[in-house]
>>> print(open('entry.csv').read())   # CSV, C-alpha atoms
chain,number,residue,atom,x,y,z
A,1,MET,CA,-2.8,-16.4,-13.6
A,2,ARG,CA,-1.7,-15.0,-10.3
A,3,ARG,CA,-3.9,-16.0,-7.4
A,4,ALA,CA,-5.3,-13.4,-4.9
A,5,PHE,CA,-4.3,-13.7,-1.3
A,6,GLY,CA,-6.6,-16.1,0.5
A,7,PHE,CA,-8.7,-14.7,3.2
A,8,SER,CA,-11.4,-16.3,5.3
A,9,ARG,CA,-15.0,-15.7,4.4
A,10,SER,CA,-15.6,-13.3,7.3
A,11,GLU,CA,-12.5,-11.3,6.3
A,12,THR,CA,-13.6,-11.2,2.7
A,13,GLU,CA,-17.0,-9.8,3.6
A,14,HIS,CA,-15.3,-6.8,5.2
A,15,ARG,CA,-12.7,-6.0,2.5
A,16,PHE,CA,-14.9,-3.9,0.2
A,17,GLN,CA,-17.0,-1.8,2.5
A,18,ALA,CA,-15.7,1.7,2.3
A,19,ILE,CA,-16.0,3.1,-1.2
A,20,ALA,CA,-17.5,6.5,-0.8
A,21,GLY,CA,-20.4,7.1,-3.1
A,22,GLY,CA,-20.1,3.7,-4.8
A,23,LEU,CA,-18.8,2.8,-8.2
A,24,ARG,CA,-20.4,1.6,-11.4
A,25,ALA,CA,-19.0,-1.3,-13.3
A,26,ALA,CA,-20.3,-1.9,-16.8
A,27,PHE,CA,-19.8,-5.3,-18.4
A,28,ASP,CA,-20.2,-7.1,-21.8
A,29,ARG,CA,-22.7,-9.9,-21.3
A,30,ALA,CA,-20.7,-12.1,-23.7
A,31,ALA,CA,-17.8,-12.1,-21.3
A,32,PHE,CA,-19.7,-14.4,-18.9
A,33,PRO,CA,-21.5,-17.7,-19.5
A,34,GLY,CA,-24.4,-16.6,-17.3
A,35,GLY,CA,-24.6,-13.2,-18.9
A,36,GLY,CA,-23.1,-11.4,-15.9
A,37,PRO,CA,-20.4,-11.6,-13.2
A,38,PRO,CA,-20.8,-14.5,-10.7
A,39,PRO,CA,-23.0,-13.6,-7.7
A,40,ALA,CA,-20.1,-14.4,-5.3
A,41,VAL,CA,-18.0,-11.7,-7.0
A,42,CYS,CA,-20.8,-9.2,-6.8
A,43,GLU,CA,-21.3,-9.9,-3.2
A,44,GLN,CA,-17.6,-9.1,-2.6
A,45,PHE,CA,-18.2,-5.6,-3.8
A,46,PRO,CA,-21.5,-4.4,-2.2
A,47,HIS,CA,-20.8,-0.7,-3.1
A,48,VAL,CA,-20.2,-1.5,-6.8
A,49,GLU,CA,-23.2,-1.4,-9.1
A,50,PHE,CA,-22.8,-3.9,-11.9
A,51,THR,CA,-24.7,-3.0,-15.1
A,52,PRO,CA,-24.7,-4.7,-18.5
A,53,LEU,CA,-23.9,-2.8,-21.7
A,54,ALA,CA,-26.7,-2.5,-24.2
A,55,GLY,CA,-24.8,-4.6,-26.6
A,56,LEU,CA,-21.2,-5.1,-27.6
A,57,TRP,CA,-18.7,-2.5,-26.6
A,58,SER,CA,-18.5,-0.6,-29.9
A,59,SER,CA,-17.4,2.9,-28.9
A,60,GLY,CA,-14.6,4.6,-27.0
A,61,SER,CA,-17.0,5.5,-24.2
A,62,LEU,CA,-17.1,3.6,-21.0
A,63,SER,CA,-20.9,4.2,-21.0
A,64,GLY,CA,-20.6,6.5,-18.0
A,65,ALA,CA,-19.1,3.7,-15.9
A,66,ASP,CA,-16.1,3.9,-13.6
A,67,VAL,CA,-14.9,0.4,-14.6
A,68,LEU,CA,-15.6,-1.6,-17.8
A,69,ILE,CA,-15.3,-5.4,-18.2
A,70,ALA,CA,-15.0,-6.0,-22.0
A,71,ARG,CA,-14.5,-9.1,-24.1
A,72,ALA,CA,-12.3,-9.8,-27.1
A,73,ASP,CA,-11.6,-13.0,-29.1
A,74,ALA,CA,-8.0,-13.5,-30.0
A,75,ALA,CA,-9.1,-15.8,-32.9
A,76,SER,CA,-10.8,-12.8,-34.5
A,77,GLY,CA,-8.5,-10.0,-35.6
A,78,ALA,CA,-11.4,-7.7,-36.1
A,79,SER,CA,-12.6,-8.3,-32.5
A,80,VAL,CA,-9.2,-7.4,-31.0
A,81,ASP,CA,-8.7,-4.4,-33.4
A,82,GLN,CA,-12.1,-3.0,-32.3
A,83,VAL,CA,-11.3,-3.3,-28.6
A,84,VAL,CA,-7.9,-1.7,-29.1
A,85,LYS,CA,-9.5,1.2,-31.0
A,86,ASN,CA,-12.1,1.6,-28.2
A,87,LEU,CA,-9.3,1.6,-25.6
A,88,ARG,CA,-7.4,4.4,-27.4
A,89,ASP,CA,-10.5,6.4,-28.1
A,90,SER,CA,-11.6,6.2,-24.4
A,91,GLY,CA,-8.4,7.5,-23.0
A,92,ALA,CA,-9.2,5.3,-20.0
A,93,ALA,CA,-7.6,1.9,-20.8
A,94,ALA,CA,-6.4,1.6,-17.2
A,95,ARG,CA,-10.0,1.3,-16.1
A,96,VAL,CA,-10.8,-1.6,-18.4
A,97,VAL,CA,-10.5,-5.4,-17.7
A,98,VAL,CA,-10.5,-7.5,-20.9
A,99,VAL,CA,-11.8,-11.1,-20.8
A,100,LEU,CA,-10.0,-12.8,-23.7
A,101,ALA,CA,-11.4,-15.8,-25.5
A,102,ASN,CA,-8.9,-18.2,-27.3
A,103,PRO,CA,-6.0,-16.4,-25.6
A,104,ASP,CA,-2.5,-16.2,-27.0
A,105,LEU,CA,0.6,-14.5,-25.8
A,106,GLU,CA,0.8,-12.0,-28.6
A,107,THR,CA,-2.7,-10.7,-28.2
A,108,THR,CA,-2.3,-10.6,-24.4
A,109,ARG,CA,0.8,-8.5,-24.7
A,110,ARG,CA,-0.8,-6.2,-27.2
A,111,LEU,CA,-3.7,-5.5,-24.9
A,112,MET,CA,-1.3,-4.9,-21.9
A,113,ARG,CA,0.7,-2.5,-24.0
A,114,GLU,CA,-2.5,-0.5,-24.6
A,115,GLY,CA,-2.6,0.0,-20.9
A,116,VAL,CA,-5.5,-2.2,-19.8
A,117,SER,CA,-5.8,-2.9,-16.1
A,118,ASP,CA,-5.8,-6.7,-16.6
A,119,VAL,CA,-6.4,-9.5,-19.2
A,120,LEU,CA,-8.3,-12.5,-18.0
A,121,THR,CA,-8.6,-15.8,-19.7
A,122,GLU,CA,-12.1,-17.0,-20.8
A,123,PRO,CA,-13.9,-18.6,-19.0
A,124,VAL,CA,-12.9,-16.3,-16.2
A,125,SER,CA,-12.6,-17.7,-12.7
A,126,GLU,CA,-14.2,-16.0,-9.7
A,127,VAL,CA,-10.7,-15.7,-8.0
A,128,ALA,CA,-9.2,-14.0,-11.1
A,129,LEU,CA,-12.1,-11.6,-11.6
A,130,GLY,CA,-12.2,-10.7,-7.9
A,131,ALA,CA,-8.4,-10.0,-7.9
A,132,ALA,CA,-8.7,-7.8,-11.0
A,133,LEU,CA,-11.6,-5.8,-9.6
A,134,ASP,CA,-9.8,-5.6,-6.3
A,135,ARG,CA,-6.9,-3.8,-7.9
A,136,LEU,CA,-9.2,-1.3,-9.7
A,137,VAL,CA,-11.4,-0.7,-6.6
A,138,GLY,CA,-8.2,-0.1,-4.5
A,139,ARG,CA,-7.1,2.5,-7.0
A,140,PHE,CA,-10.4,4.3,-6.7
A,141,GLU,CA,-10.3,4.0,-2.9
A,142,ARG,CA,-6.9,5.7,-2.8
A,143,GLU,CA,-8.1,8.4,-5.1
A,144,GLY,CA,-11.2,8.9,-3.0
A,145,ALA,CA,-9.1,9.1,0.2
A,146,SER,CA,-6.8,11.6,-1.5
A,147,SER,CA,-9.8,13.8,-2.4
A,148,GLY,CA,-10.8,14.0,1.2
A,149,GLY,CA,-7.2,14.8,2.3
A,150,SER,CA,-3.9,14.9,0.6
A,151,GLY,CA,-1.9,13.1,3.2
A,152,HIS,CA,0.9,10.9,1.8
A,153,VAL,CA,1.0,7.3,3.4
A,154,VAL,CA,4.4,5.5,3.8
A,155,ALA,CA,4.1,1.9,5.0
A,156,PHE,CA,6.9,0.0,6.5
A,157,LEU,CA,6.9,-3.7,5.5
A,158,LYS,CA,9.3,-6.0,7.3
A,159,ALA,CA,11.3,-8.8,5.8
A,160,GLY,CA,11.3,-10.8,9.0
A,161,GLY,CA,11.9,-9.6,12.6
A,162,GLY,CA,14.8,-7.7,14.0
A,163,CYS,CA,15.3,-5.4,11.0
A,164,GLY,CA,15.0,-2.2,13.0
A,165,ALA,CA,11.8,-1.2,11.3
A,166,THR,CA,10.3,0.7,14.2
A,167,ALA,CA,13.5,2.5,14.9
A,168,SER,CA,13.8,3.5,11.2
A,169,ALA,CA,10.1,4.4,10.9
A,170,THR,CA,10.2,6.7,13.9
A,171,GLN,CA,13.5,8.4,12.9
A,172,LEU,CA,12.1,8.8,9.4
A,173,ALA,CA,9.1,10.6,10.9
A,174,ALA,CA,11.3,12.9,12.9
A,175,ILE,CA,13.3,13.8,9.8
A,176,LEU,CA,10.2,14.4,7.7
A,177,SER,CA,8.6,16.5,10.4
A,178,ASP,CA,11.5,18.9,10.3
A,179,GLY,CA,10.9,20.4,13.7
A,180,GLY,CA,7.1,20.7,13.2
A,181,GLN,CA,7.4,22.4,9.8
A,182,ARG,CA,5.4,19.5,8.3
A,183,SER,CA,2.5,17.7,9.9
A,184,VAL,CA,3.6,14.1,10.3
A,185,CYS,CA,2.0,11.2,12.2
A,186,VAL,CA,3.4,7.8,13.1
A,187,ALA,CA,0.6,5.2,13.2
A,188,ASP,CA,1.7,2.1,15.0
A,189,LEU,CA,-0.4,-0.6,13.6
A,190,ASP,CA,1.6,-3.4,15.1
A,191,VAL,CA,-1.2,-4.1,17.5
A,192,GLN,CA,0.6,-6.9,19.3
A,193,PHE,CA,4.2,-5.7,19.7
A,194,GLY,CA,4.2,-2.1,18.6
A,195,GLN,CA,6.7,0.2,20.4
A,196,ALA,CA,6.7,3.4,18.4
A,197,ALA,CA,5.5,5.6,21.4
A,198,LEU,CA,8.3,4.1,23.5
A,199,TYR,CA,10.9,4.7,20.9
A,200,LEU,CA,9.9,8.4,20.7
A,201,ASP,CA,9.3,8.6,24.5
A,202,VAL,CA,5.8,10.0,24.3
A,203,ARG,CA,3.0,9.2,26.6
A,204,PRO,CA,0.1,7.6,24.6
A,205,THR,CA,-3.1,9.5,24.7
A,206,ILE,CA,-5.0,7.7,22.0
A,207,SER,CA,-4.0,4.2,21.0
A,208,MET,CA,-5.1,1.7,18.5
A,209,ALA,CA,-7.2,0.1,21.2
A,210,GLN,CA,-9.5,3.1,21.2
A,211,VAL,CA,-9.5,3.1,17.4
A,212,MET,CA,-10.4,-0.6,17.3
A,213,SER,CA,-13.2,-0.2,19.8
A,214,ALA,CA,-14.7,3.0,18.4
A,215,SER,CA,-18.3,2.8,17.3
A,216,ALA,CA,-18.2,6.1,15.4
A,217,ASP,CA,-17.2,6.5,11.8
A,218,LEU,CA,-13.4,6.7,12.0
A,219,SER,CA,-13.1,8.8,8.9
A,220,GLU,CA,-14.9,11.6,10.8
A,221,MET,CA,-12.7,11.5,13.8
A,222,HIS,CA,-10.1,14.1,14.6
A,223,PHE,CA,-6.6,13.0,15.7
A,224,SER,CA,-4.2,15.9,15.2
A,225,ALA,CA,-5.0,17.8,18.4
A,226,SER,CA,-5.3,14.7,20.5
A,227,LEU,CA,-2.1,12.8,19.7
A,228,PRO,CA,1.0,13.4,21.7
A,229,ALA,CA,3.8,15.3,19.9
A,230,HIS,CA,7.5,14.4,19.9
A,231,PRO,CA,10.0,17.3,20.1
A,232,SER,CA,10.6,16.8,16.4
A,233,GLY,CA,7.0,17.7,15.8
A,234,ALA,CA,5.9,14.2,14.8
A,235,ARG,CA,2.7,12.9,16.4
A,236,VAL,CA,2.2,9.3,17.5
A,237,LEU,CA,-0.9,7.1,17.3
A,238,SER,CA,0.4,4.3,19.6
A,239,ALA,CA,-0.1,0.6,19.6
A,240,PRO,CA,-2.6,-0.9,22.2
A,241,PRO,CA,-1.1,-1.0,25.7
A,242,GLU,CA,-2.2,-4.7,26.0
A,243,PHE,CA,-1.7,-7.6,23.6
A,244,MET,CA,-4.5,-7.8,21.1
A,245,PRO,CA,-5.3,-10.4,18.4
A,246,LEU,CA,-4.5,-9.3,14.9
A,247,GLU,CA,-8.0,-10.0,13.8
A,248,SER,CA,-9.3,-7.4,16.2
A,249,LEU,CA,-8.6,-4.8,13.6
A,250,ARG,CA,-10.9,-4.9,10.6
A,251,PRO,CA,-10.3,-3.7,7.0
A,252,GLU,CA,-13.0,-1.1,7.1
A,253,ALA,CA,-11.5,0.4,10.3
A,254,VAL,CA,-8.2,0.8,8.3
A,255,ASP,CA,-10.1,2.5,5.6
A,256,GLY,CA,-11.7,5.0,8.0
A,257,LEU,CA,-8.5,5.6,9.9
A,258,LEU,CA,-6.4,6.3,6.9
A,259,ALA,CA,-9.1,8.7,5.5
A,260,ALA,CA,-9.0,10.6,8.7
A,261,LEU,CA,-5.2,10.7,9.0
A,262,ARG,CA,-4.9,11.8,5.3
A,263,ARG,CA,-7.2,14.7,6.1
A,264,GLU,CA,-5.2,15.9,9.0
A,265,PHE,CA,-1.5,15.1,8.3
A,266,GLU,CA,0.8,15.7,5.3
A,267,ILE,CA,2.6,12.5,5.9
A,268,ILE,CA,1.5,9.3,7.6
A,269,VAL,CA,4.2,6.7,8.5
A,270,LEU,CA,2.6,3.2,9.1
A,271,ASP,CA,4.5,0.6,11.2
A,272,LEU,CA,2.9,-2.7,10.2
A,273,PRO,CA,3.2,-6.1,11.8
A,274,THR,CA,5.2,-8.8,10.1
A,275,ALA,CA,2.0,-10.9,9.5
A,276,TRP,CA,-0.1,-10.6,6.4
A,277,THR,CA,-3.9,-10.2,7.1
A,278,ALA,CA,-6.9,-8.8,5.2
A,279,TRP,CA,-6.4,-5.4,6.9
A,280,THR,CA,-2.6,-5.2,6.4
A,281,TYR,CA,-3.3,-5.8,2.7
A,282,ARG,CA,-5.8,-2.9,2.8
A,283,ALA,CA,-3.2,-0.7,4.5
A,284,LEU,CA,-0.7,-1.5,1.8
A,285,ARG,CA,-3.2,-1.1,-1.0
A,286,GLN,CA,-4.0,2.4,0.1
A,287,SER,CA,-0.4,3.4,0.7
A,288,ASP,CA,1.5,5.8,-1.6
A,289,HIS,CA,4.8,4.2,-0.9
A,290,ILE,CA,6.1,1.0,0.6
A,291,VAL,CA,9.4,0.6,2.4
A,292,LEU,CA,10.5,-3.0,2.5
A,293,ILE,CA,13.1,-3.1,5.2
A,294,THR,CA,15.7,-5.9,5.7
A,295,GLN,CA,19.2,-6.5,6.8
A,296,LEU,CA,22.1,-8.4,5.2
A,297,SER,CA,21.8,-12.1,5.9
A,298,VAL,CA,20.9,-15.2,3.9
A,299,PRO,CA,17.6,-15.8,5.8
A,300,HIS,CA,16.6,-12.1,5.4
A,301,ALA,CA,17.4,-12.3,1.7
A,302,HIS,CA,15.0,-15.2,1.3
A,303,LEU,CA,12.3,-13.3,3.2
A,304,VAL,CA,12.8,-10.3,0.9
A,305,ARG,CA,12.3,-12.5,-2.1
A,306,ARG,CA,9.1,-14.0,-0.6
A,307,GLN,CA,7.7,-10.5,0.3
A,308,LEU,CA,8.4,-9.2,-3.2
A,309,GLN,CA,6.7,-12.2,-4.8
A,310,LEU,CA,3.7,-11.8,-2.5
A,311,LEU,CA,3.5,-8.1,-3.3
A,312,GLU,CA,3.3,-9.1,-7.0
A,313,THR,CA,0.8,-11.9,-6.3
A,314,GLN,CA,-1.4,-9.5,-4.4
A,315,ARG,CA,-1.3,-7.0,-7.3
A,316,LEU,CA,0.5,-4.5,-5.0
A,317,ASP,CA,3.5,-4.1,-7.4
A,318,ASP,CA,2.0,-0.9,-8.7
A,319,VAL,CA,2.7,0.8,-5.4
A,320,PRO,CA,6.1,2.5,-5.5
A,321,LEU,CA,8.6,0.6,-3.3
A,322,THR,CA,11.9,1.3,-1.7
A,323,LEU,CA,14.1,-1.7,-0.8
A,324,PHE,CA,16.0,-0.6,2.4
A,325,CYS,CA,18.9,-2.5,3.7
A,326,ASN,CA,19.5,-1.7,7.3
A,327,ARG,CA,22.4,-2.3,9.7
A,328,LEU,CA,25.1,-2.9,7.2
A,329,SER,CA,28.2,-3.7,9.2
A,330,SER,CA,31.8,-3.3,8.0
A,331,GLU,CA,32.6,-6.4,10.0
A,332,ASN,CA,30.3,-8.8,8.3
A,333,ALA,CA,31.5,-12.1,9.8
A,334,ALA,CA,28.9,-14.0,7.8
A,335,GLY,CA,30.6,-13.1,4.6
A,336,VAL,CA,27.4,-12.0,2.8
A,337,SER,CA,28.0,-9.1,0.5
A,338,VAL,CA,25.5,-6.5,-0.7
A,339,ARG,CA,26.4,-7.5,-4.3
A,340,SER,CA,25.7,-11.2,-3.8
A,341,VAL,CA,22.3,-10.5,-2.1
A,342,GLU,CA,21.3,-8.0,-4.9
A,343,GLY,CA,22.3,-10.7,-7.5
A,344,ALA,CA,20.1,-13.2,-5.8
A,345,LEU,CA,17.2,-10.8,-5.6
A,346,GLY,CA,17.6,-9.6,-9.2
A,347,ARG,CA,17.5,-6.0,-8.1
A,348,LYS,CA,19.6,-3.5,-6.1
A,349,PHE,CA,18.9,-2.0,-2.7
A,350,ASP,CA,17.6,1.5,-3.1
A,351,VAL,CA,19.0,2.7,0.3
A,352,VAL,CA,21.7,1.1,2.5
A,353,ALA,CA,22.1,2.2,6.1
A,354,PRO,CA,25.2,1.5,8.2
A,355,GLU,CA,25.3,-0.4,11.5
A,356,GLU,CA,25.4,2.3,14.2
A,357,ARG,CA,23.8,0.3,17.0
A,358,LYS,CA,25.2,2.4,19.8
A,359,LEU,CA,24.0,5.7,18.3
A,360,MET,CA,20.5,4.3,17.5
A,361,GLY,CA,20.3,2.6,20.9
A,362,GLU,CA,21.1,5.9,22.6
A,363,ALA,CA,18.4,7.7,20.5
A,364,ILE,CA,15.8,5.1,21.5
A,365,ASN,CA,16.8,5.2,25.2
A,366,GLN,CA,16.4,9.0,25.2
A,367,GLY,CA,13.5,9.1,22.8
A,368,VAL,CA,15.2,11.7,20.6
A,369,ALA,CA,16.0,12.2,16.9
A,370,LEU,CA,19.5,11.1,15.8
A,371,SER,CA,20.3,14.7,15.0
A,372,MET,CA,19.9,15.7,18.6
A,373,LEU,CA,22.8,13.4,19.5
A,374,ARG,CA,25.1,13.9,16.6
A,375,ARG,CA,24.6,15.6,13.3
A,376,GLY,CA,25.6,14.4,9.9
A,377,THR,CA,26.2,10.8,10.7
A,378,LYS,CA,26.1,8.2,7.9
A,379,LEU,CA,23.0,6.7,9.5
A,380,GLU,CA,21.1,10.0,9.4
A,381,LYS,CA,22.2,10.6,5.8
A,382,ALA,CA,20.8,7.2,4.8
A,383,LEU,CA,17.5,7.9,6.5
A,384,SER,CA,17.4,11.3,4.8
A,385,GLN,CA,17.9,9.5,1.5
A,386,LEU,CA,15.0,7.3,2.4
A,387,ALA,CA,12.9,10.4,3.2
A,388,GLU,CA,13.6,11.8,-0.3
A,389,ARG,CA,12.5,8.5,-1.9
A,390,ALA,CA,9.5,7.7,0.3
A,391,ALA,CA,8.0,11.2,0.3
A,392,PRO,CA,9.9,13.2,-2.3
A,393,ALA,CA,7.4,16.1,-2.7
A,394,ARG,CA,7.1,16.4,1.0
A,395,ALA,CA,10.8,16.3,1.7
A,396,ALA,CA,11.3,19.0,-0.9
A,397,LYS,CA,8.6,21.3,0.5
A,398,THR,CA,9.5,24.9,0.0
A,399,LYS,CA,10.0,27.5,2.8
A,400,THR,CA,6.8,29.2,1.7
A,401,GLY,CA,4.8,26.6,3.6
A,402,ARG,CA,3.0,25.4,0.5
A,403,ASN,CA,1.3,22.0,1.0
A,404,PHE,CA,1.8,19.2,-1.5
>>> encode(input="entry.csv", output="structure tokens")
Amino acid sequence: MRRAFGFSRSETEHRFQAIAGGLRAAFDRAAFPGGGPPPAVCEQFPHVEFTPLAGLWSSGSLSGADVLIARADAASGASVDQVVKNLRDSGAAARVVVVLANPDLETTRRLMREGVSDVLTEPVSEVALGAALDRLVGRFEREGASSGGSGHVVAFLKAGGGCGATASATQLAAILSDGGQRSVCVADLDVQFGQAALYLDVRPTISMAQVMSASADLSEMHFSASLPAHPSGARVLSAPPEFMPLESLRPEAVDGLLAALRREFEIIVLDLPTAWTAWTYRALRQSDHIVLITQLSVPHAHLVRRQLQLLETQRLDDVPLTLFCNRLSSENAAGVSVRSVEGALGRKFDVVAPEERKLMGEAINQGVALSMLRRGTKLEKALSQLAERAAPARAAKTKTGRNF
């Protein structure tokens, strides 16, 4: 069983505070020794109402619930067959967590093939149940955020430092903005070392410092008219001007911020810090696409593997991901090839960008898009390929101005 990311108690108390309207989770009493979910798990989800089923789950209905925790016994073929029938009849298997007694691999695989959200071993642990519900709640949060605004969130996750993540994120935003034809925002969430505003040469008007200190509901705030615009059309929410502790930003603030940005922008590019925290997890959980950026070296290859493993452990492997290899040099003195790194990772790079340090350095120093210096470079083409993967519908927006 994969273990959820370990947060401190104070962080955990803030992780599940922003589910608009609340959710209802129905459960089979037989799935828990005490007749219901452990109190510690219920406390983690203050906006989820846990209600017991009247009896055994015996129909395809989820009993009006958003989430269902059912039970099956692998030692009883009839029990498993009934649950499978209910899953198919409900048409909502992805919203069902099954607690499996006397588990075996064949039954677990059968239930997963039916599309259940998760299969937990009886007796279920608090950690396993919390992680399973976290994944489902995160899905509802993203759907809820989308209902308030259709903005598409692309998060940049670094495999170590020095990968050129900020430069790539800001240039990607410039490409996606297309001269202001699409509303794009770069949100610099690297609250300690963020430099997105500097890279685009815009004067910060609102920074994450104001966001972090705001007493109002962030989801109700308006950003589009207040944020400075780059000549490409992209707007920038800058990092704080002063060094701030990572824990200064809370998960519920990320929830509200993303809800507001989704409402006002078609595309939001997040530049995240290297460190994993409760709030970076929330930002990744609510993203529509993750760009894992690295460069070609043995240490970075190890860091990519660790990040991929952590994404799986945190149940974030359901978020579409692009593996982006940056700064590939034709004069690779280290002798590390793309093929050897891909073999070690067990997967290919989705996009490979060439080393054009002089061109990128000039773009950063002038605060302009690459196309303003030289059109049609291999680096610009690689970033355009990244744009097609990270925000395909947005990148393919028609000239009619239709929003996706």
>>> residues_around(input="entry.csv", residues="Pro228 of chain A", least_positions_apart="2", cutoff="8 Å", atoms="all atoms listed in the file", output="PyMOL selection string")
chain A and resi 202-205+226+230+235-237
>>> residues_around(input="entry.csv", residues="Ala54 of chain A", least_positions_apart="5", cutoff="10 Å", atoms="all atoms listed in the file", output="tab-separated table (two decimals) with C-alpha atoms, in the frame of the given file")
chain	number	residue	atom	x	y	z
A	26	ALA	CA	-20.30	-1.90	-16.80
A	27	PHE	CA	-19.80	-5.30	-18.40
A	28	ASP	CA	-20.20	-7.10	-21.80
A	29	ARG	CA	-22.70	-9.90	-21.30
A	63	SER	CA	-20.90	4.20	-21.00
>>> atom_distance(input="entry.csv", atom1="atom CA of Phe265 of chain A", atom2="atom CA of Cys185 of chain A")
6.5 Å
>>> atom_distance(input="entry.csv", atom1="atom CA of Gln192 of chain A", atom2="atom CA of Pro245 of chain A")
6.9 Å
>>> closest_residue(input="entry.csv", among="A:Val368, A:Ser207, A:Val269, A:Val254", to="Ala391 of chain A", atoms="all atoms listed in the file")
A:Val269
>>> atom_distance(input="entry.csv", atom1="atom CA of Met212 of chain A", atom2="atom CA of Pro273 of chain A")
15.7 Å
>>> closest_residue(input="entry.csv", among="A:Thr108, A:Thr277, A:Gln314, A:Gln181", to="Arg250 of chain A", atoms="all atoms listed in the file")
A:Thr277
